[in-house]
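Trainee: entry.cif is the file, holding mmCIF, C-alpha atoms:
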data_query
loop_
_atom_site.label_atom_id
_atom_site.label_comp_id
_atom_site.auth_asym_id
_atom_site.auth_seq_id
_atom_site.Cartn_x
_atom_site.Cartn_y
_atom_site.Cartn_z
CA LEU A 1 1.01 130.19 43.01
CA ALA A 2 2.38 127.94 45.77
CA LYS A 3 -0.07 125.41 47.14
CA THR A 4 1.48 125.49 50.60
CA THR A 5 3.29 128.01 52.76
CA GLN A 6 5.58 127.04 55.62
CA PRO A 7 7.99 128.95 57.84
CA PRO A 8 11.50 128.63 56.42
CA SER A 9 13.10 127.52 59.66
CA MET A 10 12.55 126.63 63.28
CA GLU A 11 14.80 125.85 66.20
CA ALA A 12 14.32 123.74 69.28
CA TYR A 13 16.21 122.03 72.05
CA GLU A 14 16.16 118.32 72.59
CA GLY A 15 13.12 117.22 74.52
CA GLN A 16 10.97 120.11 73.39
CA GLU A 17 7.83 119.85 71.32
CA VAL A 18 8.06 121.34 67.84
CA ASN A 19 5.00 122.53 65.93
CA VAL A 20 5.43 123.19 62.23
CA SER A 21 2.61 125.05 60.55
CA CYS A 22 1.50 124.85 56.96
CA SER A 23 -0.97 127.11 55.19
CA HIS A 24 -2.92 125.70 52.24
CA THR A 25 -5.63 128.25 51.67
CA ASN A 26 -6.70 126.88 48.27
CA ILE A 27 -6.90 123.23 49.23
CA ALA A 28 -9.48 121.31 47.21
CA THR A 29 -12.02 118.98 48.75
CA SER A 30 -10.33 116.05 47.01
CA GLU A 31 -6.88 116.83 48.33
CA TYR A 32 -5.11 115.26 51.28
CA ILE A 33 -2.31 116.70 53.39
CA TYR A 34 0.99 114.88 53.65
CA TRP A 35 4.13 115.55 55.64
CA TYR A 36 7.56 114.28 54.68
CA ARG A 37 10.98 115.01 56.08
CA GLN A 38 14.42 114.84 54.59
CA VAL A 39 17.73 114.58 56.38
CA PRO A 40 20.97 115.37 54.52
CA HIS A 41 22.07 112.82 51.94
CA GLN A 42 18.82 110.87 52.18
CA GLY A 43 15.58 110.78 50.27
CA PRO A 44 12.42 112.17 51.84
CA GLN A 45 10.62 110.01 54.36
CA PHE A 46 6.89 109.91 54.92
CA ILE A 47 5.75 111.08 58.36
CA ILE A 48 1.98 111.37 58.40
CA GLN A 49 -1.04 112.16 56.27
CA GLY A 50 -4.55 113.36 56.96
CA TYR A 51 -7.70 114.82 55.50
CA LYS A 52 -9.37 116.56 58.43
CA ASP A 53 -9.42 116.86 62.21
CA TYR A 54 -6.61 115.13 64.06
CA VAL A 55 -4.31 112.27 63.14
CA VAL A 56 -1.65 110.68 65.28
CA ASN A 57 0.91 107.95 64.75
CA GLU A 58 4.02 106.76 66.53
CA VAL A 59 6.13 109.55 65.07
CA ALA A 60 3.99 112.68 65.06
CA SER A 61 0.54 114.17 65.23
CA LEU A 62 -1.25 116.28 62.70
CA PHE A 63 -3.90 118.84 63.45
CA ILE A 64 -6.00 120.17 60.60
CA SER A 65 -8.17 123.23 61.04
CA ALA A 66 -11.90 122.96 60.55
CA ASP A 67 -11.75 124.79 57.21
CA ARG A 68 -8.71 122.66 56.22
CA LYS A 69 -6.71 125.75 55.30
CA LEU A 70 -4.12 125.25 57.99
CA SER A 71 -2.37 122.18 59.33
CA THR A 72 0.17 121.78 62.10
CA LEU A 73 2.64 118.97 62.43
CA SER A 74 3.58 118.30 66.02
CA LEU A 75 6.76 116.49 66.97
CA PRO A 76 6.84 115.62 70.65
CA TRP A 77 10.10 115.34 72.51
CA VAL A 78 12.41 116.09 69.56
CA SER A 79 15.88 114.60 69.48
CA LEU A 80 18.92 115.41 67.37
CA ARG A 81 17.71 112.82 64.86
CA ASP A 82 14.65 114.96 64.18
CA ALA A 83 16.77 117.71 62.65
CA ALA A 84 15.63 117.77 59.03
CA VAL A 85 13.72 119.70 56.42
CA TYR A 86 10.00 119.12 56.85
CA TYR A 87 7.71 119.33 53.83
CA CYS A 88 3.99 119.85 53.79
CA ILE A 89 2.36 118.60 50.59
CA VAL A 90 -1.20 118.83 49.38
CA THR A 91 -2.33 116.60 46.55
CA ASP A 92 -5.02 114.30 45.23
CA ASN A 93 -3.13 112.68 42.40
CA TYR A 94 0.10 110.80 42.85
CA ALA A 95 0.41 110.25 39.13
CA GLN A 96 1.42 113.87 38.94
CA GLY A 97 4.06 113.37 41.57
CA LEU A 98 4.55 115.13 44.85
CA THR A 99 5.27 118.86 44.70
CA PHE A 100 7.93 119.72 47.24
CA GLY A 101 8.39 123.32 48.25
CA LEU A 102 11.30 124.69 50.23
CA GLY A 103 9.99 123.15 53.45
CA THR A 104 10.82 124.09 57.01
CA ARG A 105 14.32 123.45 58.25
CA VAL A 106 14.10 122.29 61.84
CA SER A 107 17.30 122.56 63.83
CA VAL A 108 17.62 120.74 67.13
CA PHE A 109 20.19 121.69 69.74
CA PRO A 110 21.44 119.52 72.59
CA ASP B 1 18.08 96.57 54.47
CA PRO B 2 17.31 99.19 51.88
CA LYS B 3 14.16 98.39 49.97
CA ILE B 4 14.87 100.81 47.14
CA ILE B 5 18.33 100.37 45.71
CA GLN B 6 19.87 103.08 43.59
CA LYS B 7 23.14 102.63 41.78
CA PRO B 8 25.61 104.13 41.71
CA LYS B 9 25.60 106.27 44.82
CA TYR B 10 27.95 108.80 43.25
CA LEU B 11 28.62 109.44 39.59
CA VAL B 12 30.93 111.85 37.80
CA ALA B 13 30.36 112.33 34.08
CA VAL B 14 31.88 114.37 31.32
CA THR B 15 29.77 116.94 29.47
CA GLY B 16 28.19 115.37 26.41
CA SER B 17 28.37 111.81 27.67
CA GLU B 18 25.53 109.43 28.50
CA LYS B 19 24.79 107.73 31.79
CA ILE B 20 22.19 105.35 33.19
CA LEU B 21 20.98 105.61 36.76
CA ILE B 22 19.72 102.31 38.16
CA CYS B 23 16.74 101.85 40.45
CA GLU B 24 15.31 98.64 41.86
CA GLN B 25 12.58 98.39 44.47
CA TYR B 26 11.80 95.34 46.58
CA LEU B 27 8.61 96.59 48.15
CA GLY B 28 6.29 94.95 45.65
CA HIS B 29 5.04 98.33 44.51
CA ASN B 30 3.28 98.99 41.23
CA ALA B 31 4.17 102.65 40.84
CA MET B 32 7.65 104.09 40.52
CA TYR B 33 8.94 107.65 40.17
CA TRP B 34 12.00 109.74 39.53
CA TYR B 35 12.74 113.03 41.28
CA ARG B 36 15.64 115.43 40.98
CA GLN B 37 17.13 117.73 43.59
CA SER B 38 19.63 120.35 42.51
CA ALA B 39 21.69 122.31 44.96
CA LYS B 40 19.53 124.61 47.07
CA LYS B 41 16.42 123.86 45.01
CA PRO B 42 13.27 121.95 45.96
CA LEU B 43 12.83 118.35 44.99
CA GLU B 44 11.43 118.24 41.49
CA PHE B 45 9.15 115.52 40.17
CA MET B 46 10.28 114.10 36.83
CA PHE B 47 8.40 110.92 35.87
CA SER B 48 5.85 108.49 37.18
CA TYR B 49 5.28 104.91 36.01
CA SER B 50 2.50 102.53 36.90
CA TYR B 51 2.66 98.87 35.91
CA GLN B 52 5.66 99.75 33.73
CA LYS B 53 3.74 102.36 31.78
CA LEU B 54 4.53 106.07 31.76
CA MET B 55 1.81 107.97 33.58
CA ASP B 56 3.26 111.46 33.81
CA ASN B 57 6.28 113.26 32.44
CA GLN B 58 7.20 116.64 33.88
CA THR B 59 10.63 116.75 32.28
CA ALA B 60 10.82 119.05 29.29
CA SER B 61 13.98 117.57 27.88
CA SER B 62 13.95 114.37 25.84
CA ARG B 63 17.50 113.76 27.03
CA PHE B 64 15.94 112.12 30.07
CA GLN B 65 14.45 108.73 29.28
CA PRO B 66 13.12 106.33 31.91
CA GLN B 67 13.45 102.64 31.15
CA SER B 68 11.43 99.90 32.83
CA SER B 69 12.66 96.42 31.92
CA LYS B 70 10.96 94.77 34.89
CA LYS B 71 8.08 95.68 37.14
CA ASN B 72 10.41 96.57 40.01
CA HIS B 73 12.97 98.41 37.87
CA LEU B 74 12.92 101.99 36.66
CA ASP B 75 16.23 103.17 35.31
CA LEU B 76 16.91 106.69 34.08
CA GLN B 77 18.97 107.24 30.97
CA ILE B 78 20.43 110.70 30.53
CA THR B 79 22.06 111.60 27.23
CA ALA B 80 24.16 114.57 26.13
CA LEU B 81 24.89 115.45 29.75
CA LYS B 82 25.25 119.10 30.72
CA PRO B 83 26.70 120.66 33.86
CA ASP B 84 23.19 121.84 34.74
CA ASP B 85 22.17 118.19 35.03
CA SER B 86 24.30 117.95 38.16
CA ALA B 87 21.93 116.98 40.94
CA THR B 88 20.88 114.17 43.21
CA TYR B 89 18.37 111.91 41.50
CA PHE B 90 15.92 110.07 43.72
CA CYS B 91 13.93 107.03 42.75
CA ALA B 92 10.69 106.40 44.61
CA SER B 93 7.85 103.91 44.66
CA SER B 94 4.39 103.40 46.04
CA GLN B 95 1.82 100.62 46.16
CA GLU B 96 -1.09 102.46 44.63
CA ARG B 97 -1.78 105.95 43.50
CA THR B 98 -4.45 106.77 46.04
CA PRO B 99 -4.76 109.29 48.87
CA ASN B 100 -3.66 106.71 51.41
CA THR B 101 -0.48 105.90 49.54
CA GLU B 102 2.87 106.38 51.19
CA VAL B 103 5.70 107.10 48.79
CA PHE B 104 9.07 105.56 49.63
CA PHE B 105 12.28 107.15 48.41
CA GLY B 106 15.70 105.71 47.74
CA LYS B 107 18.90 107.30 48.98
CA GLY B 108 19.64 108.89 45.63
CA THR B 109 22.38 109.01 43.04
CA ARG B 110 24.50 112.14 43.20
CA LEU B 111 25.47 113.08 39.66
CA THR B 112 28.18 115.61 38.91
CA VAL B 113 28.73 116.68 35.31
CA VAL B 114 32.09 118.29 34.61
#
Let me see the file written as structure tokens.

Mentor:
Amino acid sequence: LAKTTQPPSMEAYEGQEVNVSCSHTNIATSEYIYWYRQVPHQGPQFIIQGYKDYVVNEVASLFISADRKLSTLSLPWVSLRDAAVYYCIVTDNYAQGLTFGLGTRVSVFP
Amino acid sequence: DPKIIQKPKYLVAVTGSEKILICEQYLGHNAMYWYRQSAKKPLEFMFSYSYQKLMDNQTASSRFQPQSSKKNHLDLQITALKPDDSATYFCASSQERTPNTEVFFGKGTRLTVV
């Protein structure tokens, strides 16, 4: 049973805001939510992590629902460089490694 | 400058041969990992090491053997190579294994077994 569910793909034009949702209905109280992205021929890159409420950094913002079953990664003003596969990961133990699903492929058009 | 160096970037090997994938990290991290990504498949966690000790092994085959000669090194030896081993292998590292840990990935070694 998958721990997270994301839309397979999304499209946007440069300058638009992109919101990528992630469902994690069975999230445990000890688990945190992480977002990574991967561009072709590169390893994944950390974007943001959170436990509850709202988190923001210089790259993105993360909104987590009150019951923590849904999170939304928000990318403001996307550019062509933001085209990537975005992964939502839920875990509480890095020793077991990160479990990557199929992610959401975000395409950005000029 | 890349902080996680993986060598080589590309590798072609003959079925049945043995290869070693090199990984060095210069982030001062205590934990290192190996992941594999086959064509059109999700990234797959293989091994985790902490302070040069194996913490978790999710690889069923003993043909894959991590080797840590130094704290900042975690090489991956693959023996009796098969075409199904063709994939991009990513090395990663992190400072601590806690919820606030960010995991950094290298650029990968693309292995093709013919």

Trainee: Rank nothing, just name the residue among A:Leu98, A:Val20, A:Ala84, A:Leu73 nearest to A:Arg37, using only C-alpha atoms.

Mentor: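 Using only C-alpha atoms, A:Arg37 sits closest to A:Ala84.
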
Trainee: Which residues of chain A are close to chain B, meaning at most 7 Å apart when you count only C-alpha atoms, and how do they look as a PDB file with C-alpha atoms, keeping the file's coordinate frame?

Mentor:
ATOM      1  CA  TYR A  32      -5.110 115.260  51.280  1.00  0.00           C
ATOM      2  CA  GLN A  42      18.820 110.870  52.180  1.00  0.00           C
ATOM      3  CA  GLY A  43      15.580 110.780  50.270  1.00  0.00           C
ATOM      4  CA  PRO A  44      12.420 112.170  51.840  1.00  0.00           C
ATOM      5  CA  GLN A  45      10.620 110.010  54.360  1.00  0.00           C
ATOM      6  CA  PHE A  46       6.890 109.910  54.920  1.00  0.00           C
ATOM      7  CA  ASP A  92      -5.020 114.300  45.230  1.00  0.00           C
ATOM      8  CA  ASN A  93      -3.130 112.680  42.400  1.00  0.00           C
ATOM      9  CA  TYR A  94       0.100 110.800  42.850  1.00  0.00           C
ATOM     10  CA  ALA A  95       0.410 110.250  39.130  1.00  0.00           C
ATOM     11  CA  GLN A  96       1.420 113.870  38.940  1.00  0.00           C
ATOM     12  CA  GLY A  97       4.060 113.370  41.570  1.00  0.00           C
ATOM     13  CA  LEU A  98       4.550 115.130  44.850  1.00  0.00           C
ATOM     14  CA  THR A  99       5.270 118.860  44.700  1.00  0.00           C
ATOM     15  CA  PHE A 100       7.930 119.720  47.240  1.00  0.00           C
ATOM     16  CA  GLY A 101       8.390 123.320  48.250  1.00  0.00           C
ATOM     17  CA  LEU A 102      11.300 124.690  50.230  1.00  0.00           C
TER      18      LEU A 102
END

Trainee: Hey, can you check how far atom CA of B:Ala13 sits from atom CA of B:Lys71?

Mentor: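 Distance reported for this atom pair: 28.0 Å.
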
Trainee: Under the rule that only C-alpha atoms are counted, which of A:Ser74, A:Asn57, A:Gln38, A:Ser30 is the nearest residue to A:Gln16?

Mentor: A:Ser74

Trainee: Decode the PyMOL selection byres ((chain A and resi 6-12) around 8) for the given file into explicit residues and return them as a PyMOL selection string.

Mentor: chain A and resi 4-5+13-14+16-18+20-23+78+88+102-109

Trainee: Counting all atoms listed in the file, which residues sit no farther than 10 Å from the position (6.1, 109.3, 69.2) in the file's frame? I'd like them as a count of residues only.

Mentor: 11

Trainee: Of the candidates B:Lys82, B:Lys3, B:Arg63, B:Lys9, which one gets nearest to B:Leu27 if we count only C-alpha atoms?

Mentor: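 Among the listed residues, the smallest separation from B:Leu27 belongs to B:Lys3.
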
Trainee: Could you please determine the separation between atom CA of B:Val12 and atom CA of B:Ser86 in Å, to one decimal place?

Mentor: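 Atom-to-atom, atom CA of B:Val12 and atom CA of B:Ser86 are spaced 9.0 Å apart.
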
Trainee: Can you list, as JSON, numbers by chain, the residues that the PyMOL selection byres ((chain A and resi 34) around 7) selects here?

Mentor: {"A": [32, 33, 35, 36, 48, 49, 50, 88, 89, 90]}

Trainee: Taking 6 positions as the minimum chain separation for residues in the same chain, which residues sit within 12 Å of B:Asp85 when counting all atoms listed in the file? Answer as a PyMOL selection string.

Mentor: chain B and resi 11-19+36-39+59+61+63-64+78-79+110-114

Trainee: Leaving out B:Gln25 and any residue of its chain fewer than 6 positions from it, which residues lie within 8 Å of it when counting all atoms listed in the file, given as a compact mmCIF listing (two decimals) with C-alpha atoms, in the frame of the given file?

Mentor:
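This is the output file selection.txt:
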# COMPACT_ATOMS: atom_id res chain seq x y z
CA LYS B 3 14.16 98.39 49.97
CA ILE B 4 14.87 100.81 47.14
CA ILE B 5 18.33 100.37 45.71
CA ASN B 72 10.41 96.57 40.01
CA HIS B 73 12.97 98.41 37.87
CA SER B 93 7.85 103.91 44.66

Trainee: Report, in Å with one decimal, the straight-line distance from atom CA of B:Ile20 to atom CA of B:Tyr51.

Mentor: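 That distance, rounded to one decimal, is 20.8 Å.
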
Trainee: Please return stretch 99-110 of chain A, rebuilt to all heavy atoms, as a compact mmCIF listing (two decimals), in the coordinates of the input.

Mentor:
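Okay, rebuild-v3.txt is ready:
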# COMPACT_ATOMS: atom_id res chain seq x y z
N THR A 99 4.65 117.55 44.90
CA THR A 99 5.27 118.86 44.70
C THR A 99 5.89 119.31 46.01
O THR A 99 5.18 119.63 46.96
CB THR A 99 4.23 119.89 44.23
OG1 THR A 99 3.67 119.46 42.99
CG2 THR A 99 4.90 121.25 44.03
N PHE A 100 7.19 119.30 46.04
CA PHE A 100 7.93 119.72 47.24
C PHE A 100 8.26 121.20 47.13
O PHE A 100 8.79 121.65 46.14
CB PHE A 100 9.23 118.93 47.38
CG PHE A 100 9.04 117.49 47.77
CD1 PHE A 100 8.75 116.53 46.82
CD2 PHE A 100 9.15 117.10 49.10
CE1 PHE A 100 8.57 115.21 47.17
CE2 PHE A 100 8.98 115.77 49.46
CZ PHE A 100 8.69 114.82 48.51
N GLY A 101 7.96 121.93 48.17
CA GLY A 101 8.39 123.32 48.25
C GLY A 101 9.74 123.39 48.92
O GLY A 101 10.51 122.43 48.88
N LEU A 102 10.02 124.52 49.54
CA LEU A 102 11.30 124.69 50.23
C LEU A 102 11.29 124.08 51.62
O LEU A 102 12.34 123.87 52.22
CB LEU A 102 11.66 126.17 50.30
CG LEU A 102 11.93 126.85 48.95
CD1 LEU A 102 12.16 128.33 49.14
CD2 LEU A 102 13.12 126.20 48.26
N GLY A 103 10.09 123.80 52.15
CA GLY A 103 9.99 123.15 53.45
C GLY A 103 10.40 124.03 54.61
O GLY A 103 10.70 125.22 54.46
N THR A 104 10.41 123.42 55.78
CA THR A 104 10.82 124.09 57.01
C THR A 104 12.03 123.36 57.56
O THR A 104 11.95 122.16 57.84
CB THR A 104 9.69 124.06 58.06
OG1 THR A 104 8.57 124.78 57.58
CG2 THR A 104 10.18 124.67 59.38
N ARG A 105 13.11 124.07 57.69
CA ARG A 105 14.32 123.45 58.25
C ARG A 105 14.24 123.53 59.77
O ARG A 105 14.24 124.62 60.34
CB ARG A 105 15.57 124.16 57.75
CG ARG A 105 16.86 123.52 58.28
CD ARG A 105 18.09 124.18 57.65
NE ARG A 105 18.12 123.96 56.21
CZ ARG A 105 18.56 122.86 55.62
NH1 ARG A 105 19.02 121.86 56.36
NH2 ARG A 105 18.57 122.77 54.32
N VAL A 106 14.17 122.37 60.38
CA VAL A 106 14.10 122.29 61.84
C VAL A 106 15.48 121.93 62.37
O VAL A 106 16.04 120.89 62.01
CB VAL A 106 13.06 121.24 62.29
CG1 VAL A 106 13.12 121.06 63.81
CG2 VAL A 106 11.66 121.66 61.86
N SER A 107 16.00 122.81 63.19
CA SER A 107 17.30 122.56 63.83
C SER A 107 17.05 122.19 65.29
O SER A 107 16.22 122.81 65.96
CB SER A 107 18.17 123.82 63.75
OG SER A 107 18.39 124.20 62.41
N VAL A 108 17.77 121.19 65.75
CA VAL A 108 17.62 120.74 67.13
C VAL A 108 18.97 120.85 67.83
O VAL A 108 19.98 120.35 67.32
CB VAL A 108 17.12 119.28 67.19
CG1 VAL A 108 16.95 118.84 68.64
CG2 VAL A 108 15.79 119.15 66.43
N PHE A 109 18.95 121.48 68.98
CA PHE A 109 20.19 121.69 69.74
C PHE A 109 20.18 120.84 71.01
O PHE A 109 19.14 120.66 71.62
CB PHE A 109 20.33 123.17 70.09
CG PHE A 109 20.38 124.06 68.88
CD1 PHE A 109 19.25 124.79 68.50
CD2 PHE A 109 21.52 124.16 68.11
CE1 PHE A 109 19.29 125.62 67.38
CE2 PHE A 109 21.55 124.98 67.00
CZ PHE A 109 20.44 125.70 66.63
N PRO A 110 21.37 120.35 71.37
CA PRO A 110 21.44 119.52 72.59
C PRO A 110 21.27 120.36 73.84
O PRO A 110 21.44 121.56 73.85
CB PRO A 110 22.85 118.91 72.50
CG PRO A 110 23.62 119.83 71.64
CD PRO A 110 22.65 120.44 70.66
